[in-house]
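All remarks here apply to the structure that follows.
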Amino acid sequence: MAVMRIGVLALQGAFREHRRALGRLGVDTLEVRLPEHLKGLSGLIIPGGESTTMMKLMETYGFDRAIPDFYRAGGAVWGTCAGAITLASELPGYEEQPRLALLPVAVCRNAYGRQIDSFEADLEVAGGEGTFHGVFIRAPRITSVGEGVEVLSRFDGDPVLVRYGRVLVSIFHPELSGDDRIHLLFVQEVCRPTA
Ligand code: GLN
């Protein structure tokens, strides 16, 4: 298998933690700060942070075109939390917010009520053994998923980890739990080089 390298979008947010998790798995990583850094990568992680700010920075640097191009050319993309918001096709209540729209899901920003706007929960993940400790920080809520979207985990009935081909979305923060199994899933399943 060719050497796999995964980029972490490093404009804003929790990118260092993702790099650390991938490093623990022995995966070669790169901080992506300019569109040309996407060249040669198998996958890209768009981290959590603040989606309005992140999207503005993406537009400033040309990632609003470069990331969809990267995906169309065969790259895999994983968005966590704010990163998930930037990937969604629909943002109810935030219709004007620019987005990459790489998968057919509706994502409501900050939709977990005030009382539980940040919380932790043990999640069952399809294909995984035991549970995964999910850390949710002002998480968006996935309110609907379109055709072809695979729901890999739910909390309270709502999808929290979904996959659409080469796109993975989690509204929690697997990079903060010290458990690298979702990173492993991204590396082994979602970024798997196509023949
Ligand atoms: N609430 C943030 C937003 O709407 C996302 C929070 C996060 O990434 N932890 O952009």
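As shown in the structure tokens, the chain order sets the letters A, B, ...; within each chain, residues go from 1, and ligands are also counted from 1 in the order they appear.
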Proximity check chain A to ligand 1, 7 Å, nearest pairs one decimal Å, only C-alpha atoms and all ligand atoms, as a tab-separated table:
residue	atom	partner	partner_atom_place_in_ligand_line	distance
A:Gly48	CA	ligand 1	8 (O)	3.4
A:Gly49	CA	ligand 1	8 (O)	3.9
A:Glu50	CA	ligand 1	10 (O)	3.6
A:Ser51	CA	ligand 1	10 (O)	3.5
A:Thr52	CA	ligand 1	10 (O)	6.1
A:Thr80	CA	ligand 1	8 (O)	6.8
A:Cys81	CA	ligand 1	8 (O)	4.1
A:Ala82	CA	ligand 1	8 (O)	3.7
A:Gly83	CA	ligand 1	8 (O)	6.7
A:Ile85	CA	ligand 1	10 (O)	6.9
A:Arg109	CA	ligand 1	4 (O)	4.8
A:Asn110	CA	ligand 1	1 (N)	5.2
A:Ile137	CA	ligand 1	9 (N)	4.5
A:Arg138	CA	ligand 1	1 (N)	4.6
A:Ala139	CA	ligand 1	6 (C)	5.3
A:Pro140	CA	ligand 1	1 (N)	6.4
Surrounding residues of A:Glu124 excluding itself and chain neighbours under 4 positions, 12 Å, only C-alpha atoms, as an MDAnalysis selection string
chainID A and resid 128:134 151:157 159:161 182
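Around A:Pro98, within 12 Å and counting only C-alpha atoms, the residues found are A:Ser51, A:Thr52, A:Thr53, A:Met54, A:Met55, A:Lys56, A:Leu57, A:Met58, A:Glu59, A:Phe63, A:Asp64, A:Arg65, A:Ile85, A:Thr86, A:Leu87, A:Ala88, A:Ser89, A:Glu90, A:Leu91, A:Tyr94, A:Glu95, A:Ala101, once anything fewer than 3 positions away on its own chain is removed.
When only C-alpha atoms are used to compute distances to A:Lys39, the closest of the residues A:Glu175, A:Asp117, A:Asp69, A:Glu147 turns out to be A:Asp69.
Shortest separation to A:Asp179 among A:Arg141, A:Arg24, A:Gly7, A:Gly74 occurs at residue A:Arg24, atoms counted being only C-alpha atoms.
Here atom CA of A:Thr143 and atom CA of A:Val105 stand 7.6 Å from one another.
You can rank A:Gly178, A:Pro47, A:Pro68, A:Pro35 by their closest distance to A:Arg99 using only C-alpha atoms, and at the top of that list sits A:Pro68.
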In stretch 47-177 of chain A, what's strand (DSSP E or B) per DSSP? Answer as a PyMOL selection string?
chain A and resi 76-80+88-90+103-108+118-124+131-137+141-145+150-155+158-164+167-170
